[in-house]
6 protein chains.
Amino acid sequence: MNDKRIATVKPVDEQQATGKVAEIFADIKQTKNIDFVPNLWRVLATNPVQLEQVWTMLKTLMHPEAAGRRSCLDAATREIIALAVSASNGCAYCVNSHTAALRKQGLSTEAQGEVLAIAGLFNMTNALADGYQVEPDVLPPVD
Amino acid sequence: MNDKRIATVKPVDEQQATGKVAEIFADIKQTKNIDFVPNLWRVLATNPVQLEQVWTMLKTLMHPEAAGRRSCLDAATREIIALAVSASNGCAYCVNSHTAALRKQGLSTEAQGEVLAIAGLFNMTNALADGYQVEPDVLPPVD
Amino acid sequence: MNDKRIATVKPVDEQQATGKVAEIFADIKQTKNIDFVPNLWRVLATNPVQLEQVWTMLKTLMHPEAAGRRSCLDAATREIIALAVSASNGCAYCVNSHTAALRKQGLSTEAQGEVLAIAGLFNMTNALADGYQVEPDVLPPVD
Amino acid sequence: MNDKRIATVKPVDEQQATGKVAEIFADIKQTKNIDFVPNLWRVLATNPVQLEQVWTMLKTLMHPEAAGRRSCLDAATREIIALAVSASNGCAYCVNSHTAALRKQGLSTEAQGEVLAIAGLFNMTNALADGYQVEPDVLPPVD
Amino acid sequence: MNDKRIATVKPVDEQQATGKVAEIFADIKQTKNIDFVPNLWRVLATNPVQLEQVWTMLKTLMHPEAAGRRSCLDAATREIIALAVSASNGCAYCVNSHTAALRKQGLSTEAQGEVLAIAGLFNMTNALADGYQVEPDVLPPVD
Amino acid sequence: MNDKRIATVKPVDEQQATGKVAEIFADIKQTKNIDFVPNLWRVLATNPVQLEQVWTMLKTLMHPEAAGRRSCLDAATREIIALAVSASNGCAYCVNSHTAALRKQGLSTEAQGEVLAIAGLFNMTNALADGYQVEPDVLPPVD
């Protein structure tokens, strides 16, 4: 696979992006503090509406300060959710990407192990609770 | 469904538990600081080996102090992983149970919303990355 | 929900089935040795081509003798696969149905527990192997 | 991996297929209007009963004219469902195969993006609805 | 469960919504041409940022005319993707909701059956392709 | 990828393992009757608590004699569950590993085909039952 082919579409080259796509590419690099546009975004750029939508949502949720809001969760916790979900779904691209992000934030190998151990545990108990069709004990209280 | 039937098996009644099962039931209530044995554990008790194994693992990972170890993650983060995974898998019992646990730890409705929003976001991007077969940018660094 | 409504479609009533659908309903009851047509088949009968296809495949795989073939697996093992997959996917209808089938075949509560424990274990290790992106050790040998 | 090894079994070589398998291989090439037998079918051919069953079902549903029936859905819509499901499950073989089929039918990169965007969106809302345990508003009407 | 409790949070009452939430509720009813706010949106409204994000994305993708864009897919195809994904994930809320939307668009029971049959088929072939670890035949061509 | 890198962490080298990890590595090789430590276990060893927990559970469930207990299921049935679950989840590492284990136990290609065919079938019917929201016929009897 040469560098022109990283998916089932031909990704938009960073140097050739113009207009809205170029603006979003620049925002991605600045917001994430990286010097390249990750493959997922170059692929989504083949459909600019989709690129803008997914980036807007991801920026709002995962980079709240850059999006001008306050989050109840810290940055590491947000990435931990991303890794736990991606591991549960078996998405290679996303596991690699969020593991790299967590390393950059200083997550130790031991902590990474705990995240995956806990994600694994609940994939197990989900199958047990569903496999036995266990009834909820009680609904959680609401305010 | 009367109170004798909460699953595809007849759960072990707390009052009738003996031996190892009774010990584990007591440990569950003490460790979780609750005054009843949740349905999942009463169901798993129909197979005592399984009860012991799942409880040992859950206690070690989710109640580390009670298990005599130190965790890299705080209690809320651990429950947040549980909720995110259970939401991704659509497990009703587990969503109710972990939402209740997070409320008890003081998680606000707004923070709950953020956890689920982020879990939802990565269920979306997992489908996008896999749906386009996007290649990883680079592998995360290892120590 | 009255008894006319068991799904997002109105199921075909056993007494009102005619032609191909009536034949398949009769075959289902005889092959499975039951005196009613389970809801899934009454629902699939709203689309007779689909009913015939799914029933033909299920009869061939799960009731090989009735379909005139020999299976490498025994009847209990076949139902155990059905339960393990349904538990992993969290499908309530299928968990109930295959648990009932396994009870009819004499599966004990303890053995049911083992099936679900093993299914749970591999839902966990699947998440771990994918969550760490572990490379295969070696490919399995082929003949 | 040499060309003898494309899976955990040794696939049936097109030139060496005989009898029923050879007939189905010929039908696959004619029905799909391609000049090779895709790997999935060569692998399924290691178990001829399975090959026949899966091919019969796929031909009936995905190539209705060839199977002598009329479909309510057009060919592109049928392939779109295949891609959306395969993206949701993260199946690389199936994503590649159905993307290729859609290209052959003339689907643009922009339309492919919409299919995946919508599939991604509902993987997100499924997690949200399940993660909050939202009750259905009302059941859909039945005829 | 009384009408104050439809989820693990207390949904925002339509009559009590104000500001941004009230505006979005009005837009949902107008865009979808319905006279009530579905439960999912009342629940998401407990976290207004999330409500706005998910509604903006859903409106853009599923109601393109209302969002001022042109879609490559027709309205029925878009809802069919939603149903196929929701069936694959087993999300009850979403299956009910999208089945109702498809009925409103005139989808027949037979066509609904085809959508689900095809979704079911590819859940099967996804498991087969992954279960045998089948290699892709060839990558789909890109422009 | 050189041989130092088989995952998102650097695996523990068999020759450099000490203490508890070395003991578990030895137990894995003896219990499984193999002469190397599979990659999954070398990776889990980066977090020794996790290694011990997962191995203890897997040994108890999958190698009951070595763990001093009696299983209701035979060894082949236990591995068949592992393969069926791993195929359903699309986990490459686990599919390869459990296929290899089944070959070692003498499972024929035809039987492997049946296992995957049945796993595939129930991934399909799970989607159908959930996609139509079919109500359970009756709950399975409990003792």
# chains A, B, ... in the order shown; residues from 1 in each chain; ligands from 1

$ residues_around --residues "region 71-81 of chain C" --least-positions-apart "6" --cutoff "9 Å" --atoms "only C-alpha atoms" --output "list in words"
Leu61, Met62, His63, Pro64, Glu65, His98, Thr99, Ala101, Leu102, Gln105, Gly106, Leu107, Gln112 and Val115 of chain C; Thr77, Ile80, Ile81, Ala84, Val85, Ser108, Glu110, Ala111, Glu114, Val115, Ile118, Ala119 and Phe122 of chain F

$ residues_around --residues "Leu116 (chain F)" --least-positions-apart "5" --cutoff "9 Å" --atoms "only C-alpha atoms" --output "count of residues only"
9

$ residues_around --residues "Gln133 (chain C)" --least-positions-apart "3" --cutoff "9 Å" --atoms "only C-alpha atoms" --output "PyMOL selection string"
(chain A and resi 87+90+92+95-96) or (chain C and resi 128-130) or (chain F and resi 6-9+93)

$ closest_atom_pairs --of "chain D" --to "chain F" --cutoff "7 Å" --atoms "only C-alpha atoms" --output "CSV"
residue,atom,partner,partner_atom,distance
D:Thr46,CA,F:Glu110,CA,6.9
D:Asn47,CA,F:Glu110,CA,5.4
D:Gln50,CA,F:Ala117,CA,6.6
D:Cys91,CA,F:Gly90,CA,7.0

$ residues_around --residues "Phe25 (chain C)" --least-positions-apart "4" --cutoff "7 Å" --atoms "only C-alpha atoms" --output "ChimeraX atom specification"
/C:21,29,37

$ residues_around --residues "Ala67 (chain D)" --least-positions-apart "4" --cutoff "12 Å" --atoms "only C-alpha atoms" --output "list in words"
Val49 of chain C; Asp27, Ile28, Thr31, Trp55, Thr56, Met57, Leu58, Lys59, Thr60, Leu61, Met62, His63 and Ser71 of chain D

$ atom_distance --atom1 "CA of Gln53 (chain D)" --atom2 "CA of Arg103 (chain D)"
26.9 Å

$ atom_distance --atom1 "CA of Cys94 (chain B)" --atom2 "CA of Thr125 (chain B)"
23.4 Å

$ closest_residue --among "B:Ser86, B:Gly19, B:Pro140, B:Glu52" --to "Lys104 (chain A)" --atoms "only C-alpha atoms"
B:Pro140

$ residues_around --residues "Glu14 (chain E)" --least-positions-apart "2" --cutoff "8 Å" --atoms "only C-alpha atoms" --output "list in words"
Val12, Gln16, Ala17, Ala22, Phe25, Val37 and Arg42 of chain E

$ write_last_selection --atoms "N, CA, C and O atoms" --output "JSON list (two decimals), in the first residue's frame"
[["chain", "number", "residue", "atom", "x", "y", "z"],
["E", 12, "VAL", "N", -36.21, 16.56, 30.39],
["E", 12, "VAL", "CA", -36.71, 17.94, 30.42],
["E", 12, "VAL", "C", -38.13, 17.96, 29.85],
["E", 12, "VAL", "O", -38.39, 17.41, 28.79],
["E", 16, "GLN", "N", -41.57, 23.07, 30.16],
["E", 16, "GLN", "CA", -40.67, 23.83, 31.03],
["E", 16, "GLN", "C", -39.34, 24.21, 30.36],
["E", 16, "GLN", "O", -38.50, 24.86, 30.98],
["E", 17, "ALA", "N", -39.21, 23.80, 29.11],
["E", 17, "ALA", "CA", -37.96, 24.14, 28.41],
["E", 17, "ALA", "C", -37.91, 25.64, 28.13],
["E", 17, "ALA", "O", -38.94, 26.27, 27.84],
["E", 22, "ALA", "N", -35.58, 25.14, 24.38],
["E", 22, "ALA", "CA", -36.92, 25.35, 23.82],
["E", 22, "ALA", "C", -36.85, 25.54, 22.30],
["E", 22, "ALA", "O", -37.69, 25.03, 21.55],
["E", 25, "PHE", "N", -36.21, 22.15, 20.77],
["E", 25, "PHE", "CA", -37.43, 21.34, 20.83],
["E", 25, "PHE", "C", -38.41, 21.76, 19.71],
["E", 25, "PHE", "O", -39.00, 20.91, 19.04],
["E", 37, "VAL", "N", -42.11, 16.05, 21.54],
["E", 37, "VAL", "CA", -40.66, 15.89, 21.51],
["E", 37, "VAL", "C", -40.33, 14.47, 21.97],
["E", 37, "VAL", "O", -40.62, 14.10, 23.11],
["E", 42, "ARG", "N", -35.67, 14.74, 24.88],
["E", 42, "ARG", "CA", -35.95, 15.29, 26.22],
["E", 42, "ARG", "C", -34.87, 14.84, 27.21],
["E", 42, "ARG", "O", -34.53, 15.59, 28.14]]

$ select_by_dssp --residues "region 3-94 of chain E" --states "alpha helix (DSSP H)" --output "PyMOL selection string"
chain E and resi 19-32+39-44+48-62+75-89+92-94

$ write_last_selection --atoms "N, CA and C atoms" --output "compact mmCIF listing (two decimals), in the first residue's frame"
# COMPACT_ATOMS: atom_id res chain seq x y z
N GLY E 19 -35.14 29.00 26.54
CA GLY E 19 -33.91 29.36 25.82
C GLY E 19 -33.58 28.42 24.68
N LYS E 20 -32.30 28.07 24.62
CA LYS E 20 -31.78 27.20 23.55
C LYS E 20 -32.52 25.87 23.46
N VAL E 21 -32.79 25.29 24.64
CA VAL E 21 -33.47 23.98 24.64
C VAL E 21 -34.86 24.12 24.02
N ALA E 22 -35.58 25.14 24.38
CA ALA E 22 -36.92 25.35 23.82
C ALA E 22 -36.85 25.54 22.30
N GLU E 23 -35.86 26.28 21.86
CA GLU E 23 -35.69 26.49 20.41
C GLU E 23 -35.44 25.17 19.68
N ILE E 24 -34.58 24.36 20.27
CA ILE E 24 -34.27 23.07 19.62
C ILE E 24 -35.50 22.17 19.64
N PHE E 25 -36.21 22.15 20.77
CA PHE E 25 -37.43 21.34 20.83
C PHE E 25 -38.41 21.76 19.71
N ALA E 26 -38.54 23.06 19.53
CA ALA E 26 -39.45 23.55 18.47
C ALA E 26 -38.94 23.12 17.09
N ASP E 27 -37.64 23.20 16.91
CA ASP E 27 -37.06 22.81 15.61
C ASP E 27 -37.25 21.32 15.35
N ILE E 28 -37.10 20.52 16.41
CA ILE E 28 -37.29 19.06 16.26
C ILE E 28 -38.71 18.76 15.79
N LYS E 29 -39.69 19.39 16.45
CA LYS E 29 -41.09 19.12 16.08
C LYS E 29 -41.39 19.60 14.66
N GLN E 30 -40.86 20.76 14.33
CA GLN E 30 -41.13 21.28 12.99
C GLN E 30 -40.41 20.45 11.91
N THR E 31 -39.15 20.18 12.14
CA THR E 31 -38.36 19.45 11.14
C THR E 31 -38.92 18.05 10.92
N LYS E 32 -39.28 17.38 12.01
CA LYS E 32 -39.78 16.02 11.91
C LYS E 32 -41.29 15.98 11.66
N ASN E 39 -38.70 11.10 23.43
CA ASN E 39 -37.98 10.93 24.70
C ASN E 39 -36.48 11.12 24.60
N LEU E 40 -35.87 10.63 23.54
CA LEU E 40 -34.42 10.74 23.44
C LEU E 40 -33.98 12.20 23.54
N TRP E 41 -34.70 13.08 22.87
CA TRP E 41 -34.31 14.49 22.87
C TRP E 41 -34.58 15.15 24.21
N ARG E 42 -35.67 14.74 24.88
CA ARG E 42 -35.95 15.29 26.22
C ARG E 42 -34.87 14.84 27.21
N VAL E 43 -34.34 13.68 27.01
CA VAL E 43 -33.27 13.17 27.87
C VAL E 43 -31.96 13.90 27.56
N LEU E 44 -31.63 14.01 26.28
CA LEU E 44 -30.39 14.71 25.92
C LEU E 44 -30.42 16.16 26.39
N PRO E 48 -27.54 20.45 27.69
CA PRO E 48 -27.89 21.21 26.48
C PRO E 48 -26.83 21.22 25.38
N VAL E 49 -25.54 21.20 25.75
CA VAL E 49 -24.50 21.16 24.71
C VAL E 49 -24.65 19.90 23.86
N GLN E 50 -24.90 18.80 24.56
CA GLN E 50 -25.05 17.51 23.89
C GLN E 50 -26.31 17.52 23.01
N LEU E 51 -27.40 18.07 23.53
CA LEU E 51 -28.63 18.16 22.74
C LEU E 51 -28.36 18.88 21.44
N GLU E 52 -27.69 20.02 21.54
CA GLU E 52 -27.47 20.82 20.34
C GLU E 52 -26.57 20.09 19.34
N GLN E 53 -25.54 19.46 19.85
CA GLN E 53 -24.62 18.76 18.95
C GLN E 53 -25.28 17.60 18.22
N VAL E 54 -25.96 16.77 18.99
CA VAL E 54 -26.55 15.58 18.36
C VAL E 54 -27.67 16.00 17.40
N TRP E 55 -28.48 16.98 17.80
CA TRP E 55 -29.56 17.42 16.92
C TRP E 55 -28.99 18.06 15.64
N THR E 56 -27.95 18.86 15.77
CA THR E 56 -27.36 19.48 14.58
C THR E 56 -26.87 18.42 13.61
N MET E 57 -26.21 17.42 14.14
CA MET E 57 -25.70 16.38 13.26
C MET E 57 -26.84 15.57 12.64
N LEU E 58 -27.81 15.21 13.47
CA LEU E 58 -28.93 14.41 12.93
C LEU E 58 -29.74 15.21 11.91
N LYS E 59 -29.96 16.49 12.20
CA LYS E 59 -30.70 17.31 11.24
C LYS E 59 -29.95 17.42 9.92
N THR E 60 -28.66 17.65 9.99
CA THR E 60 -27.85 17.79 8.77
C THR E 60 -27.89 16.52 7.93
N LEU E 61 -27.75 15.38 8.61
CA LEU E 61 -27.66 14.13 7.86
C LEU E 61 -29.01 13.57 7.46
N MET E 62 -30.01 13.70 8.34
CA MET E 62 -31.29 13.02 8.09
C MET E 62 -32.37 13.94 7.54
N ALA E 75 -34.72 9.95 1.27
CA ALA E 75 -35.11 9.90 2.69
C ALA E 75 -35.31 8.47 3.17
N ALA E 76 -35.89 7.62 2.35
CA ALA E 76 -36.13 6.24 2.79
C ALA E 76 -34.81 5.49 2.99
N THR E 77 -33.87 5.70 2.07
CA THR E 77 -32.57 5.02 2.21
C THR E 77 -31.88 5.44 3.51
N ARG E 78 -31.99 6.73 3.82
CA ARG E 78 -31.36 7.20 5.06
C ARG E 78 -31.96 6.51 6.29
N GLU E 79 -33.29 6.39 6.31
CA GLU E 79 -33.94 5.71 7.45
C GLU E 79 -33.65 4.21 7.46
N ILE E 80 -33.47 3.64 6.27
CA ILE E 80 -33.16 2.21 6.18
C ILE E 80 -31.80 1.94 6.81
N ILE E 81 -30.83 2.81 6.57
CA ILE E 81 -29.52 2.66 7.22
C ILE E 81 -29.70 2.70 8.74
N ALA E 82 -30.51 3.65 9.20
CA ALA E 82 -30.75 3.79 10.64
C ALA E 82 -31.34 2.51 11.23
N LEU E 83 -32.31 1.93 10.54
CA LEU E 83 -32.93 0.70 11.05
C LEU E 83 -31.94 -0.46 11.02
N ALA E 84 -31.18 -0.58 9.93
CA ALA E 84 -30.23 -1.69 9.81
C ALA E 84 -29.17 -1.63 10.90
N VAL E 85 -28.66 -0.43 11.17
CA VAL E 85 -27.65 -0.28 12.22
C VAL E 85 -28.26 -0.57 13.60
N SER E 86 -29.45 -0.04 13.85
CA SER E 86 -30.09 -0.22 15.16
C SER E 86 -30.44 -1.68 15.41
N ALA E 87 -30.84 -2.39 14.36
CA ALA E 87 -31.12 -3.82 14.50
C ALA E 87 -29.84 -4.57 14.82
N SER E 88 -28.75 -4.21 14.14
CA SER E 88 -27.47 -4.87 14.37
C SER E 88 -26.98 -4.65 15.80
N ASN E 89 -27.24 -3.48 16.35
CA ASN E 89 -26.81 -3.17 17.71
C ASN E 89 -27.86 -3.56 18.75
N ALA E 92 -33.43 -1.08 21.30
CA ALA E 92 -34.89 -1.11 21.23
C ALA E 92 -35.48 0.27 20.91
N TYR E 93 -35.01 1.29 21.59
CA TYR E 93 -35.55 2.63 21.36
C TYR E 93 -35.42 3.00 19.88
N CYS E 94 -34.23 2.76 19.35
CA CYS E 94 -33.93 3.19 17.98
C CYS E 94 -34.67 2.34 16.96

$ decode --residues "region 55-73 of chain A" --atoms "N, CA, C and O atoms" --output "mmCIF file, in the first residue's frame"
data_model
loop_
_atom_site.group_PDB
_atom_site.id
_atom_site.type_symbol
_atom_site.label_atom_id
_atom_site.label_comp_id
_atom_site.auth_asym_id
_atom_site.auth_seq_id
_atom_site.Cartn_x
_atom_site.Cartn_y
_atom_site.Cartn_z
ATOM 1 N N TRP A 55 -15.598 16.833 13.275
ATOM 2 C CA TRP A 55 -14.568 17.630 13.962
ATOM 3 C C TRP A 55 -15.199 18.574 14.988
ATOM 4 O O TRP A 55 -14.700 18.726 16.108
ATOM 5 N N THR A 56 -16.294 19.215 14.637
ATOM 6 C CA THR A 56 -16.958 20.115 15.578
ATOM 7 C C THR A 56 -17.369 19.369 16.849
ATOM 8 O O THR A 56 -17.155 19.846 17.973
ATOM 9 N N MET A 57 -17.934 18.183 16.652
ATOM 10 C CA MET A 57 -18.359 17.418 17.826
ATOM 11 C C MET A 57 -17.155 16.960 18.638
ATOM 12 O O MET A 57 -17.144 17.081 19.871
ATOM 13 N N LEU A 58 -16.149 16.448 17.970
ATOM 14 C CA LEU A 58 -14.979 15.962 18.697
ATOM 15 C C LEU A 58 -14.266 17.109 19.413
ATOM 16 O O LEU A 58 -13.858 16.977 20.571
ATOM 17 N N LYS A 59 -14.144 18.246 18.735
ATOM 18 C CA LYS A 59 -13.487 19.389 19.381
ATOM 19 C C LYS A 59 -14.269 19.830 20.619
ATOM 20 O O LYS A 59 -13.692 20.086 21.682
ATOM 21 N N THR A 60 -15.582 19.933 20.483
ATOM 22 C CA THR A 60 -16.415 20.354 21.611
ATOM 23 C C THR A 60 -16.278 19.415 22.802
ATOM 24 O O THR A 60 -16.146 19.861 23.947
ATOM 25 N N LEU A 61 -16.294 18.107 22.512
ATOM 26 C CA LEU A 61 -16.288 17.150 23.613
ATOM 27 C C LEU A 61 -14.890 16.860 24.149
ATOM 28 O O LEU A 61 -14.706 16.686 25.353
ATOM 29 N N MET A 62 -13.902 16.809 23.255
ATOM 30 C CA MET A 62 -12.578 16.349 23.678
ATOM 31 C C MET A 62 -11.585 17.486 23.899
ATOM 32 O O MET A 62 -10.560 17.296 24.546
ATOM 33 N N HIS A 63 -11.857 18.649 23.341
ATOM 34 C CA HIS A 63 -10.976 19.810 23.528
ATOM 35 C C HIS A 63 -11.837 20.992 23.960
ATOM 36 O O HIS A 63 -11.953 21.984 23.239
ATOM 37 N N PRO A 64 -12.490 20.863 25.110
ATOM 38 C CA PRO A 64 -13.503 21.850 25.505
ATOM 39 C C PRO A 64 -12.955 23.274 25.615
ATOM 40 O O PRO A 64 -13.642 24.216 25.202
ATOM 41 N N GLU A 65 -11.735 23.427 26.119
ATOM 42 C CA GLU A 65 -11.207 24.785 26.266
ATOM 43 C C GLU A 65 -11.106 25.440 24.884
ATOM 44 O O GLU A 65 -11.503 26.596 24.703
ATOM 45 N N ALA A 66 -10.582 24.699 23.915
ATOM 46 C CA ALA A 66 -10.464 25.249 22.564
ATOM 47 C C ALA A 66 -11.839 25.592 21.990
ATOM 48 O O ALA A 66 -11.958 26.457 21.126
ATOM 49 N N ALA A 67 -12.865 24.893 22.472
ATOM 50 C CA ALA A 67 -14.211 25.131 21.969
ATOM 51 C C ALA A 67 -14.962 26.132 22.842
ATOM 52 O O ALA A 67 -16.155 26.374 22.635
ATOM 53 N N GLY A 68 -14.270 26.686 23.846
ATOM 54 C CA GLY A 68 -14.891 27.715 24.673
ATOM 55 C C GLY A 68 -15.894 27.211 25.683
ATOM 56 O O GLY A 68 -16.820 27.916 26.070
ATOM 57 N N ARG A 69 -15.726 25.982 26.125
ATOM 58 C CA ARG A 69 -16.608 25.496 27.175
ATOM 59 C C ARG A 69 -15.792 24.837 28.293
ATOM 60 O O ARG A 69 -14.591 24.675 28.184
ATOM 61 N N ARG A 70 -16.511 24.480 29.343
ATOM 62 C CA ARG A 70 -15.900 23.874 30.508
ATOM 63 C C ARG A 70 -16.388 22.434 30.563
ATOM 64 O O ARG A 70 -17.573 22.182 30.351
ATOM 65 N N SER A 71 -15.513 21.498 30.831
ATOM 66 C CA SER A 71 -15.904 20.097 30.920
ATOM 67 C C SER A 71 -15.943 19.663 32.376
ATOM 68 O O SER A 71 -15.182 20.177 33.202
ATOM 69 N N CYS A 72 -16.826 18.736 32.702
ATOM 70 C CA CYS A 72 -16.866 18.158 34.055
ATOM 71 C C CYS A 72 -15.777 17.114 34.236
ATOM 72 O O CYS A 72 -15.516 16.674 35.357
ATOM 73 N N LEU A 73 -15.188 16.665 33.133
ATOM 74 C CA LEU A 73 -14.209 15.578 33.198
ATOM 75 C C LEU A 73 -12.837 16.119 32.833
ATOM 76 O O LEU A 73 -12.725 17.035 32.018
#
